>>> print(open('my_file-v1.csv').read())   # CSV, N, CA and C atoms
chain,number,residue,atom,x,y,z
A,554,ASN,N,0.8,-1.2,0.0
A,554,ASN,CA,0.0,0.0,0.0
A,554,ASN,C,0.9,1.2,0.0
A,555,ASP,N,0.5,2.2,-0.8
A,555,ASP,CA,1.4,3.4,-1.0
A,555,ASP,C,0.5,4.6,-1.1
A,556,MET,N,0.9,5.7,-0.4
A,556,MET,CA,0.2,7.0,-0.5
A,556,MET,C,1.2,8.0,-1.0
A,557,LYS,N,0.8,8.8,-2.0
A,557,LYS,CA,1.7,9.8,-2.6
A,557,LYS,C,0.9,11.1,-2.8
A,558,PRO,N,1.5,12.2,-2.5
A,558,PRO,CA,0.8,13.5,-2.8
A,558,PRO,C,0.7,13.8,-4.3
A,559,LEU,N,-0.3,14.4,-4.7
A,559,LEU,CA,-0.5,14.8,-6.1
A,559,LEU,C,-0.9,16.3,-6.0
A,560,GLU,N,0.0,17.2,-6.6
A,560,GLU,CA,-0.3,18.6,-6.4
A,560,GLU,C,0.0,19.3,-7.8
A,561,LEU,N,-0.9,20.3,-8.0
A,561,LEU,CA,-0.8,21.1,-9.2
A,561,LEU,C,-0.6,22.6,-8.6
A,562,PRO,N,0.6,23.0,-8.3
A,562,PRO,CA,0.8,24.3,-7.7
A,562,PRO,C,0.2,25.4,-8.5
A,563,GLY,N,-0.4,26.3,-7.7
A,563,GLY,CA,-1.0,27.5,-8.4
A,563,GLY,C,-2.4,27.3,-9.0
A,564,HIS,N,-2.9,26.1,-8.8
A,564,HIS,CA,-4.3,25.8,-9.4
A,564,HIS,C,-5.2,25.4,-8.2
A,565,GLU,N,-6.5,25.7,-8.4
A,565,GLU,CA,-7.5,25.4,-7.5
A,565,GLU,C,-8.3,24.1,-7.8
A,566,SER,N,-8.0,23.5,-9.0
A,566,SER,CA,-8.6,22.3,-9.4
A,566,SER,C,-7.7,21.6,-10.4
A,567,MET,N,-8.0,20.3,-10.7
A,567,MET,CA,-7.2,19.6,-11.7
A,567,MET,C,-8.1,18.5,-12.3
A,568,LEU,N,-7.6,18.1,-13.5
A,568,LEU,CA,-8.3,17.0,-14.1
A,568,LEU,C,-7.3,15.8,-14.2
A,569,VAL,N,-7.7,14.6,-14.0
A,569,VAL,CA,-6.8,13.4,-13.9
A,569,VAL,C,-7.4,12.4,-14.9
A,570,TRP,N,-6.5,11.8,-15.7
A,570,TRP,CA,-6.8,10.7,-16.6
A,570,TRP,C,-5.7,9.7,-16.6
A,571,PHE,N,-6.0,8.5,-17.1
A,571,PHE,CA,-5.0,7.5,-17.2
A,571,PHE,C,-4.6,7.1,-18.6
A,572,ASP,N,-3.4,6.6,-18.7
A,572,ASP,CA,-3.0,6.0,-20.0
A,572,ASP,C,-3.9,4.9,-20.5
A,573,PRO,N,-4.3,4.8,-21.7
A,573,PRO,CA,-5.2,3.8,-22.2
A,573,PRO,C,-4.7,2.4,-21.9
A,574,GLN,N,-3.4,2.2,-21.7
A,574,GLN,CA,-2.8,0.8,-21.5
A,574,GLN,C,-3.0,0.4,-20.0
A,575,THR,N,-3.4,1.3,-19.2
A,575,THR,CA,-3.5,1.0,-17.7
A,575,THR,C,-4.3,-0.2,-17.5
A,576,LYS,N,-3.7,-1.1,-16.7
A,576,LYS,CA,-4.4,-2.4,-16.3
A,576,LYS,C,-4.0,-2.8,-15.0
A,577,THR,N,-4.9,-3.2,-14.1
A,577,THR,CA,-4.7,-3.8,-12.8
A,577,THR,C,-5.7,-4.9,-12.6
A,578,TRP,N,-5.5,-5.6,-11.6
A,578,TRP,CA,-6.5,-6.7,-11.3
A,578,TRP,C,-7.7,-6.0,-10.6
A,579,GLU,N,-8.9,-6.1,-11.2
A,579,GLU,CA,-10.1,-5.5,-10.8
A,579,GLU,C,-10.4,-5.7,-9.3
A,580,ASP,N,-10.5,-4.6,-8.6
A,580,ASP,CA,-10.9,-4.6,-7.1
A,580,ASP,C,-9.7,-5.1,-6.2
A,581,TYR,N,-8.7,-5.6,-6.7
A,581,TYR,CA,-7.6,-6.1,-5.9
A,581,TYR,C,-6.4,-5.1,-5.9
A,582,ASP,N,-6.1,-4.5,-7.1
A,582,ASP,CA,-5.1,-3.5,-7.2
A,582,ASP,C,-5.8,-2.2,-7.7
A,583,TYR,N,-5.8,-1.2,-6.8
A,583,TYR,CA,-6.6,-0.1,-7.2
A,583,TYR,C,-6.0,1.2,-6.6
A,584,LEU,N,-6.5,2.3,-7.2
A,584,LEU,CA,-6.1,3.7,-6.8
A,584,LEU,C,-7.3,4.4,-6.2
A,585,THR,N,-7.1,5.2,-5.2
A,585,THR,CA,-8.1,6.1,-4.6
A,585,THR,C,-7.5,7.5,-4.5
A,586,PHE,N,-8.3,8.5,-4.9
A,586,PHE,CA,-7.9,9.9,-4.8
A,586,PHE,C,-8.5,10.5,-3.5
A,587,TRP,N,-7.7,10.5,-2.4
A,587,TRP,CA,-8.2,10.9,-1.1
A,587,TRP,C,-8.0,12.5,-1.0
A,588,HIS,N,-8.9,13.1,-0.2
A,588,HIS,CA,-8.7,14.5,0.0
A,588,HIS,C,-7.4,14.8,0.7
A,589,ASP,N,-7.0,13.9,1.6
A,589,ASP,CA,-5.7,14.1,2.3
A,589,ASP,C,-5.3,12.7,2.8
A,590,GLU,N,-4.2,12.7,3.6
A,590,GLU,CA,-3.7,11.4,4.1
A,590,GLU,C,-4.6,10.8,5.2
A,591,GLY,N,-5.5,11.6,5.7
A,591,GLY,CA,-6.4,11.1,6.7
A,591,GLY,C,-7.4,10.1,6.2
A,592,LYS,N,-7.6,10.0,4.9
A,592,LYS,CA,-8.5,9.1,4.1
A,592,LYS,C,-9.9,9.1,4.6
A,593,ALA,N,-10.4,10.3,5.1
A,593,ALA,CA,-11.8,10.4,5.5
A,593,ALA,C,-12.7,10.6,4.3
A,594,ALA,N,-12.2,11.2,3.2
A,594,ALA,CA,-13.1,11.4,2.1
A,594,ALA,C,-12.3,11.3,0.8
A,595,HIS,N,-12.9,10.9,-0.3
A,595,HIS,CA,-12.2,10.7,-1.6
A,595,HIS,C,-13.0,11.4,-2.7
A,596,TYR,N,-12.2,11.6,-3.8
A,596,TYR,CA,-12.8,12.2,-5.0
A,596,TYR,C,-13.1,11.1,-6.0
A,597,GLY,N,-14.3,11.2,-6.6
A,597,GLY,CA,-14.6,10.2,-7.6
A,597,GLY,C,-15.0,8.9,-7.0
A,598,GLU,N,-14.7,7.8,-7.7
A,598,GLU,CA,-14.9,6.4,-7.2
A,598,GLU,C,-13.9,6.1,-6.1
A,599,LYS,N,-14.4,5.2,-5.2
A,599,LYS,CA,-13.5,4.8,-4.1
A,599,LYS,C,-12.3,3.9,-4.6
A,600,LYS,N,-12.6,3.2,-5.7
A,600,LYS,CA,-11.6,2.3,-6.3
A,600,LYS,C,-11.6,2.5,-7.8
A,601,TYR,N,-10.4,2.8,-8.3
A,601,TYR,CA,-10.2,2.8,-9.8
A,601,TYR,C,-9.3,1.6,-10.1
A,602,SER,N,-9.8,0.7,-10.9
A,602,SER,CA,-9.1,-0.5,-11.2
A,602,SER,C,-9.6,-1.2,-12.4
A,603,GLY,N,-9.0,-2.3,-12.8
A,603,GLY,CA,-9.5,-3.2,-13.8
A,603,GLY,C,-8.7,-3.1,-15.1
A,604,GLY,N,-9.2,-3.9,-16.1
A,604,GLY,CA,-8.6,-4.0,-17.4
A,604,GLY,C,-7.8,-5.3,-17.6
A,605,ARG,N,-7.4,-5.9,-16.5
A,605,ARG,CA,-6.6,-7.1,-16.7
A,605,ARG,C,-7.4,-8.2,-17.3
A,606,ASP,N,-6.8,-8.9,-18.3
A,606,ASP,CA,-7.5,-10.0,-18.9
A,606,ASP,C,-8.9,-9.7,-19.4
A,607,GLY,N,-9.1,-8.4,-19.8
A,607,GLY,CA,-10.4,-8.0,-20.4
A,607,GLY,C,-11.4,-7.7,-19.3
A,608,SER,N,-11.0,-7.6,-18.0
A,608,SER,CA,-12.0,-7.3,-17.0
A,608,SER,C,-12.5,-5.9,-17.1
A,609,LEU,N,-13.6,-5.7,-16.4
A,609,LEU,CA,-14.2,-4.3,-16.3
A,609,LEU,C,-13.2,-3.4,-15.8
A,610,LYS,N,-13.2,-2.1,-16.3
A,610,LYS,CA,-12.3,-1.1,-15.8
A,610,LYS,C,-13.0,0.2,-15.7
A,611,ASN,N,-12.6,1.0,-14.7
A,611,ASN,CA,-13.2,2.3,-14.6
A,611,ASN,C,-12.3,3.5,-14.5
A,612,TRP,N,-11.1,3.4,-15.2
A,612,TRP,CA,-10.1,4.4,-15.2
A,612,TRP,C,-10.6,5.7,-15.9
A,613,PRO,N,-10.5,6.8,-15.3
A,613,PRO,CA,-10.8,8.1,-16.0
A,613,PRO,C,-9.9,8.2,-17.3
A,614,THR,N,-10.5,8.7,-18.3
A,614,THR,CA,-9.8,8.8,-19.6
A,614,THR,C,-9.6,10.2,-20.0
A,615,ILE,N,-8.8,10.5,-21.0
A,615,ILE,CA,-8.7,11.9,-21.5
A,615,ILE,C,-10.0,12.5,-21.9
A,616,ASP,N,-10.9,11.6,-22.4
A,616,ASP,CA,-12.2,12.1,-22.9
A,616,ASP,C,-13.2,12.2,-21.7
A,617,ASN,N,-12.9,11.5,-20.6
A,617,ASN,CA,-13.8,11.6,-19.4
A,617,ASN,C,-13.0,11.6,-18.2
A,618,PRO,N,-12.2,12.7,-17.9
A,618,PRO,CA,-11.3,12.8,-16.8
A,618,PRO,C,-12.0,12.9,-15.5
A,619,LEU,N,-11.3,12.6,-14.4
A,619,LEU,CA,-11.8,12.9,-13.0
A,619,LEU,C,-11.5,14.3,-12.7
A,620,HIS,N,-12.5,15.0,-12.3
A,620,HIS,CA,-12.3,16.4,-11.8
A,620,HIS,C,-12.1,16.4,-10.3
A,621,ILE,N,-11.0,17.0,-9.9
A,621,ILE,CA,-10.7,17.1,-8.5
A,621,ILE,C,-10.7,18.6,-8.2
A,622,PRO,N,-11.7,19.1,-7.4
A,622,PRO,CA,-11.9,20.5,-7.2
A,622,PRO,C,-10.9,21.0,-6.1
A,623,ALA,N,-9.6,20.7,-6.2
A,623,ALA,CA,-8.6,21.1,-5.3
A,623,ALA,C,-7.3,21.1,-6.1
A,624,GLY,N,-6.3,21.8,-5.6
A,624,GLY,CA,-5.0,21.9,-6.2
A,624,GLY,C,-4.1,20.7,-5.8
A,625,LYS,N,-4.6,20.0,-4.7
A,625,LYS,CA,-3.8,18.9,-4.3
A,625,LYS,C,-4.7,17.8,-3.7
A,626,CYS,N,-4.2,16.6,-3.6
A,626,CYS,CA,-4.8,15.5,-3.0
A,626,CYS,C,-3.8,14.4,-2.7
A,627,THR,N,-4.2,13.3,-2.2
A,627,THR,CA,-3.3,12.2,-1.9
A,627,THR,C,-3.8,11.0,-2.7
A,628,VAL,N,-2.9,10.4,-3.5
A,628,VAL,CA,-3.2,9.2,-4.3
A,628,VAL,C,-2.8,8.0,-3.5
A,629,GLY,N,-3.8,7.1,-3.2
A,629,GLY,CA,-3.5,5.8,-2.5
A,629,GLY,C,-3.5,4.7,-3.5
A,630,PHE,N,-2.5,3.8,-3.5
A,630,PHE,CA,-2.5,2.6,-4.3
A,630,PHE,C,-2.4,1.4,-3.4
A,631,VAL,N,-3.4,0.5,-3.6
A,631,VAL,CA,-3.4,-0.7,-2.9
A,631,VAL,C,-3.2,-1.9,-3.8
A,632,SER,N,-2.3,-2.8,-3.5
A,632,SER,CA,-2.0,-3.9,-4.3
A,632,SER,C,-2.0,-5.2,-3.5
A,633,SER,N,-2.7,-6.2,-4.1
A,633,SER,CA,-2.7,-7.5,-3.5
A,633,SER,C,-1.4,-8.2,-3.8
A,634,ARG,N,-0.8,-8.8,-2.9
A,634,ARG,CA,0.5,-9.4,-3.2
A,634,ARG,C,0.3,-10.7,-4.0
A,635,TYR,N,-1.0,-11.1,-4.1
A,635,TYR,CA,-1.3,-12.3,-4.9
A,635,TYR,C,-1.8,-12.0,-6.3
A,636,SER,N,-1.8,-10.8,-6.7
A,636,SER,CA,-2.5,-10.4,-8.0
A,636,SER,C,-1.6,-10.6,-9.2
A,637,GLY,N,-0.3,-10.8,-9.0
A,637,GLY,CA,0.6,-11.0,-10.2
A,637,GLY,C,1.0,-9.6,-10.7
A,638,ASN,N,1.6,-9.7,-11.9
A,638,ASN,CA,2.0,-8.4,-12.5
A,638,ASN,C,1.2,-8.2,-13.8
A,639,ASP,N,1.0,-6.9,-14.1
A,639,ASP,CA,0.3,-6.5,-15.3
A,639,ASP,C,1.0,-5.2,-15.7
A,640,TRP,N,0.4,-4.5,-16.7
A,640,TRP,CA,1.0,-3.3,-17.2
A,640,TRP,C,1.1,-2.3,-16.2
A,641,GLY,N,0.1,-2.2,-15.2
A,641,GLY,CA,0.2,-1.2,-14.2
A,641,GLY,C,-0.6,0.1,-14.6
A,642,TRP,N,-0.2,1.2,-14.1
A,642,TRP,CA,-1.0,2.4,-14.4
A,642,TRP,C,0.0,3.6,-14.5
A,643,ARG,N,-0.5,4.6,-15.3
A,643,ARG,CA,0.2,5.8,-15.5
A,643,ARG,C,-0.9,6.9,-15.6
A,644,LEU,N,-0.8,7.9,-14.7
A,644,LEU,CA,-1.8,9.0,-14.7
A,644,LEU,C,-1.2,10.3,-15.2
A,645,THR,N,-2.1,11.2,-15.6
A,645,THR,CA,-1.7,12.5,-16.0
A,645,THR,C,-2.7,13.5,-15.2
A,646,ALA,N,-2.1,14.5,-14.6
A,646,ALA,CA,-2.9,15.5,-13.9
A,646,ALA,C,-2.6,16.8,-14.5
A,647,ALA,N,-3.6,17.6,-14.9
A,647,ALA,CA,-3.4,18.9,-15.5
A,647,ALA,C,-4.5,19.8,-15.2
A,648,SER,N,-4.3,21.1,-15.5
A,648,SER,CA,-5.3,22.1,-15.4
A,648,SER,C,-6.3,21.9,-16.5
A,649,ALA,N,-7.4,22.5,-16.4
A,649,ALA,CA,-8.5,22.4,-17.5
A,649,ALA,C,-7.9,22.9,-18.8
A,650,SER,N,-7.2,24.0,-18.8
A,650,SER,CA,-6.7,24.5,-20.1
A,650,SER,C,-5.6,23.6,-20.7
A,651,GLU,N,-4.8,23.0,-19.9
A,651,GLU,CA,-3.8,22.1,-20.4
A,651,GLU,C,-4.4,20.8,-20.9
A,652,HIS,N,-5.5,20.3,-20.2
A,652,HIS,CA,-6.2,19.2,-20.6
A,652,HIS,C,-6.8,19.4,-22.0
A,653,ALA,N,-7.4,20.6,-22.2
A,653,ALA,CA,-8.0,20.9,-23.5
A,653,ALA,C,-6.9,20.9,-24.6
A,654,LYS,N,-5.7,21.4,-24.3
A,654,LYS,CA,-4.7,21.4,-25.3
A,654,LYS,C,-4.3,20.0,-25.7
A,655,GLN,N,-4.1,19.2,-24.6
A,655,GLN,CA,-3.7,17.8,-24.9
A,655,GLN,C,-4.7,17.0,-25.6
A,656,ARG,N,-6.0,17.2,-25.3
A,656,ARG,CA,-7.1,16.5,-25.9
A,656,ARG,C,-7.2,16.9,-27.4
A,657,THR,N,-7.0,18.2,-27.7
A,657,THR,CA,-7.0,18.7,-29.1
A,657,THR,C,-5.9,18.1,-29.8
A,658,SER,N,-4.7,18.1,-29.2
A,658,SER,CA,-3.5,17.6,-29.9
A,658,SER,C,-3.7,16.1,-30.2
A,659,THR,N,-4.3,15.3,-29.3
A,659,THR,CA,-4.6,13.9,-29.5
A,659,THR,C,-5.5,13.8,-30.7
A,660,ALA,N,-6.6,14.6,-30.8
A,660,ALA,CA,-7.5,14.5,-31.9
A,660,ALA,C,-6.9,14.9,-33.2
A,661,VAL,N,-6.0,15.9,-33.2
A,661,VAL,CA,-5.4,16.3,-34.4
A,661,VAL,C,-4.4,15.3,-34.9
A,662,LYS,N,-3.7,14.6,-34.0
A,662,LYS,CA,-2.8,13.5,-34.4
A,662,LYS,C,-3.6,12.4,-35.0
A,663,ALA,N,-4.7,12.1,-34.5
A,663,ALA,CA,-5.5,11.0,-35.1
A,663,ALA,C,-6.0,11.4,-36.5
A,664,VAL,N,-6.4,12.6,-36.7
A,664,VAL,CA,-6.8,13.0,-38.0
A,664,VAL,C,-5.6,13.1,-38.9
A,665,LEU,N,-4.5,13.5,-38.5
A,665,LEU,CA,-3.3,13.5,-39.3
A,665,LEU,C,-2.9,12.1,-39.7
A,666,GLY,N,-3.0,11.1,-38.8
A,666,GLY,CA,-2.7,9.7,-39.2
A,666,GLY,C,-3.7,9.2,-40.2
A,667,LEU,N,-4.9,9.6,-40.1
A,667,LEU,CA,-5.9,9.2,-41.1
A,667,LEU,C,-5.6,9.8,-42.5
A,668,ALA,N,-5.3,11.1,-42.5
A,668,ALA,CA,-5.0,11.8,-43.7
A,668,ALA,C,-3.8,11.2,-44.4
A,669,LYS,N,-2.8,10.8,-43.6
A,669,LYS,CA,-1.6,10.2,-44.2
A,669,LYS,C,-1.9,8.8,-44.8
A,670,GLU,N,-2.7,8.1,-44.0
A,670,GLU,CA,-3.2,6.7,-44.5
A,670,GLU,C,-3.9,6.8,-45.8
A,671,LYS,N,-4.7,7.8,-46.0
A,671,LYS,CA,-5.6,8.0,-47.2
A,671,LYS,C,-4.8,8.7,-48.3
A,672,GLY,N,-3.6,9.2,-48.0
A,672,GLY,CA,-2.8,9.9,-49.0
A,672,GLY,C,-3.3,11.3,-49.4
A,673,HIS,N,-3.9,12.0,-48.4
A,673,HIS,CA,-4.3,13.3,-48.6
A,673,HIS,C,-3.2,14.3,-48.2
A,674,THR,N,-2.2,14.5,-49.2
A,674,THR,CA,-1.0,15.2,-48.8
A,674,THR,C,-1.3,16.7,-48.5
A,675,ALA,N,-2.2,17.3,-49.2
A,675,ALA,CA,-2.5,18.7,-48.8
A,675,ALA,C,-3.0,18.8,-47.4
A,676,CYS,N,-3.9,17.9,-47.0
A,676,CYS,CA,-4.4,17.9,-45.6
A,676,CYS,C,-3.3,17.7,-44.6
A,677,VAL,N,-2.4,16.7,-45.0
A,677,VAL,CA,-1.3,16.4,-44.1
A,677,VAL,C,-0.5,17.6,-43.9
A,678,ALA,N,-0.1,18.4,-44.9
A,678,ALA,CA,0.7,19.6,-44.8
A,678,ALA,C,0.0,20.6,-43.9
A,679,LEU,N,-1.3,20.8,-44.1
A,679,LEU,CA,-2.0,21.8,-43.3
A,679,LEU,C,-2.1,21.4,-41.8
A,680,LEU,N,-2.3,20.1,-41.6
A,680,LEU,CA,-2.4,19.7,-40.2
A,680,LEU,C,-1.0,19.8,-39.5
A,681,GLU,N,0.0,19.4,-40.2
A,681,GLU,CA,1.4,19.5,-39.6
A,681,GLU,C,1.7,20.9,-39.3
A,682,GLU,N,1.4,21.8,-40.2
A,682,GLU,CA,1.6,23.3,-40.0
A,682,GLU,C,0.9,23.8,-38.8
A,683,ALA,N,-0.4,23.4,-38.7
A,683,ALA,CA,-1.2,23.8,-37.5
A,683,ALA,C,-0.6,23.2,-36.2
A,684,MET,N,-0.2,22.0,-36.2
A,684,MET,CA,0.4,21.4,-35.0
A,684,MET,C,1.7,22.1,-34.6
A,685,ASN,N,2.5,22.5,-35.6
A,685,ASN,CA,3.8,23.2,-35.3
A,685,ASN,C,3.5,24.5,-34.7
A,686,LYS,N,2.5,25.2,-35.2
A,686,LYS,CA,2.2,26.6,-34.7
A,686,LYS,C,1.6,26.4,-33.3
A,687,ALA,N,0.8,25.4,-33.0
A,687,ALA,CA,0.3,25.2,-31.7
A,687,ALA,C,1.4,24.9,-30.7
A,688,HIS,N,2.4,24.2,-31.1
A,688,HIS,CA,3.5,23.9,-30.2
A,688,HIS,C,4.4,25.1,-29.9
A,689,GLU,N,4.4,26.1,-30.8
A,689,GLU,CA,5.2,27.3,-30.7
A,689,GLU,C,4.5,28.2,-29.6
A,690,GLU,N,3.2,28.1,-29.5
A,690,GLU,CA,2.5,29.0,-28.6
A,690,GLU,C,2.6,28.7,-27.1
>>> encode(input="my_file-v1.csv", output="C-alpha cells")
Amino acid sequence: NDMKPLELPGHESMLVWFDPQTKTWEDYDYLTFWHDEGKAAHYGEKKYSGGRDGSLKNWPTIDNPLHIPAGKCTVGFVSSRYSGNDWGWRLTAASASEHAKQRTSTAVKAVLGLAKEKGHTACVALLEEAMNKAHEE
C-alpha cells in the first residue's frame, strides 16, 4: 500500500486521466484519490481498477477525466500481493486549459494519421503546419 501526494501548484482544481494501457486486477489492485492522508473522504470512485484479462475497468480517460476541485490530493495505491504483474498504471494530472490542449493535440494527431493513411497530402501539410504553430504558442 502506497500513499503519494499529487499537487498542481497554483491551481484550485485539476483533471486526472490514465494512459489507455492502464491495467490492474479489478478490485484487488486499485487507486483512490483521497482529500488528504487522513483518508476520511475521496474524490470520484473509491476504487479505480481493472482491465486485466479484459476485466471491467473504470479508469478516468482523457475524454472523461476525473475532476478534482482542489489543487492537491493524496493518491493511494493498494495492491494485493497475490495479484501478479500487469501493465500497471500511469496517470496525468493537468489544469483544465492544459487538458484541452492535450485533448485537441490527440484529436489532431488522429486526423493527421488518417490523412496520411488515405494519401491526402494537402491535408497532411495543413495539419502538420497547424500542429507546429500550436506547439510554438
>>> closest_residue(input="my_file-v1.csv", among="A:Pro562, A:Asn611, A:Gly604, A:Ser632", to="A:Tyr581", atoms="only N, CA and C atoms")
A:Ser632
>>> atom_distance(input="my_file-v1.csv", atom1="atom CA of A:Gly591", atom2="atom N of A:Leu561")
18.2 Å
>>> select_by_dssp(input="my_file-v1.csv", residues="stretch 607-661 of chain A", states="alpha helix (DSSP H)", output="ChimeraX atom specification")
/A:649-661
>>> select_by_dssp(input="my_file-v1.csv", residues="chain A", states="strand (DSSP E or B)", output="JSON, numbers by chain")
{"A": [555, 556, 557, 558, 559, 560, 567, 568, 569, 570, 571, 576, 577, 583, 584, 585, 586, 587, 595, 596, 597, 598, 599, 600, 601, 603, 604, 610, 619, 620, 621, 625, 626, 627, 628, 629, 630, 631, 641, 644, 645, 646, 647]}
>>> closest_residue(input="my_file-v1.csv", among="A:Trp642, A:Gly607, A:Gly563, A:Leu665", to="A:Met684", atoms="only C-alpha atoms")
A:Leu665
>>> closest_residue(input="my_file-v1.csv", among="A:Gly629, A:Pro613, A:Gly666, A:Gly624", to="A:Ser566", atoms="only N, CA and C atoms")
A:Gly624
>>> residues_around(input="my_file-v1.csv", residues="A:Trp578", least_positions_apart="6", cutoff="7 Å", atoms="all atoms listed in the file", output="list in words")
Ser602, Gly603, Gly604, Arg605, Ser636 and Asp639 of chain A
>>> atom_distance(input="my_file-v1.csv", atom1="atom CA of A:Ala594", atom2="atom CA of A:Ala623")
13.0 Å
>>> closest_residue(input="my_file-v1.csv", among="A:Lys592, A:Val628, A:Arg656, A:Leu644", to="A:Asp616", atoms="all atoms listed in the file")
A:Arg656
>>> atom_distance(input="my_file-v1.csv", atom1="atom CA of A:Leu619", atom2="atom CA of A:Leu568")
5.5 Å
>>> closest_residue(input="my_file-v1.csv", among="A:Thr585, A:Asn685, A:Ser648, A:Gln655", to="A:Trp612", atoms="only C-alpha atoms")
A:Thr585
>>> closest_residue(input="my_file-v1.csv", among="A:Lys662, A:Lys686, A:Lys625, A:Arg634", to="A:Pro558", atoms="only N, CA and C atoms")
A:Lys625
>>> decode(input="my_file-v1.csv", residues="stretch 608-622 of chain A", atoms="N, CA, C and O atoms", output="CSV table (one decimal), in the first residue's frame")
chain,number,residue,atom,x,y,z
A,608,SER,N,-11.0,-7.6,-18.0
A,608,SER,CA,-12.0,-7.3,-17.0
A,608,SER,C,-12.5,-5.9,-17.1
A,608,SER,O,-12.0,-5.1,-17.8
A,609,LEU,N,-13.6,-5.7,-16.4
A,609,LEU,CA,-14.2,-4.3,-16.3
A,609,LEU,C,-13.2,-3.4,-15.8
A,609,LEU,O,-12.4,-3.7,-14.9
A,610,LYS,N,-13.2,-2.1,-16.3
A,610,LYS,CA,-12.3,-1.1,-15.8
A,610,LYS,C,-13.0,0.2,-15.7
A,610,LYS,O,-14.0,0.4,-16.4
A,611,ASN,N,-12.6,1.0,-14.7
A,611,ASN,CA,-13.2,2.3,-14.6
A,611,ASN,C,-12.3,3.5,-14.5
A,611,ASN,O,-12.5,4.5,-13.9
A,612,TRP,N,-11.1,3.4,-15.2
A,612,TRP,CA,-10.1,4.4,-15.2
A,612,TRP,C,-10.6,5.7,-15.9
A,612,TRP,O,-11.2,5.6,-17.0
A,613,PRO,N,-10.5,6.8,-15.3
A,613,PRO,CA,-10.8,8.1,-16.0
A,613,PRO,C,-9.9,8.2,-17.3
A,613,PRO,O,-8.8,7.8,-17.2
A,614,THR,N,-10.5,8.7,-18.3
A,614,THR,CA,-9.8,8.8,-19.6
A,614,THR,C,-9.6,10.2,-20.0
A,614,THR,O,-10.2,11.1,-19.4
A,615,ILE,N,-8.8,10.5,-21.0
A,615,ILE,CA,-8.7,11.9,-21.5
A,615,ILE,C,-10.0,12.5,-21.9
A,615,ILE,O,-10.2,13.7,-21.8
A,616,ASP,N,-10.9,11.6,-22.4
A,616,ASP,CA,-12.2,12.1,-22.9
A,616,ASP,C,-13.2,12.2,-21.7
A,616,ASP,O,-14.2,12.9,-21.8
A,617,ASN,N,-12.9,11.5,-20.6
A,617,ASN,CA,-13.8,11.6,-19.4
A,617,ASN,C,-13.0,11.6,-18.2
A,617,ASN,O,-12.9,10.6,-17.4
A,618,PRO,N,-12.2,12.7,-17.9
A,618,PRO,CA,-11.3,12.8,-16.8
A,618,PRO,C,-12.0,12.9,-15.5
A,618,PRO,O,-13.2,13.3,-15.4
A,619,LEU,N,-11.3,12.6,-14.4
A,619,LEU,CA,-11.8,12.9,-13.0
A,619,LEU,C,-11.5,14.3,-12.7
A,619,LEU,O,-10.3,14.8,-12.8
A,620,HIS,N,-12.5,15.0,-12.3
A,620,HIS,CA,-12.3,16.4,-11.8
A,620,HIS,C,-12.1,16.4,-10.3
A,620,HIS,O,-12.9,15.9,-9.6
A,621,ILE,N,-11.0,17.0,-9.9
A,621,ILE,CA,-10.7,17.1,-8.5
A,621,ILE,C,-10.7,18.6,-8.2
A,621,ILE,O,-9.9,19.4,-8.7
A,622,PRO,N,-11.7,19.1,-7.4
A,622,PRO,CA,-11.9,20.5,-7.2
A,622,PRO,C,-10.9,21.0,-6.1
A,622,PRO,O,-11.3,21.7,-5.1
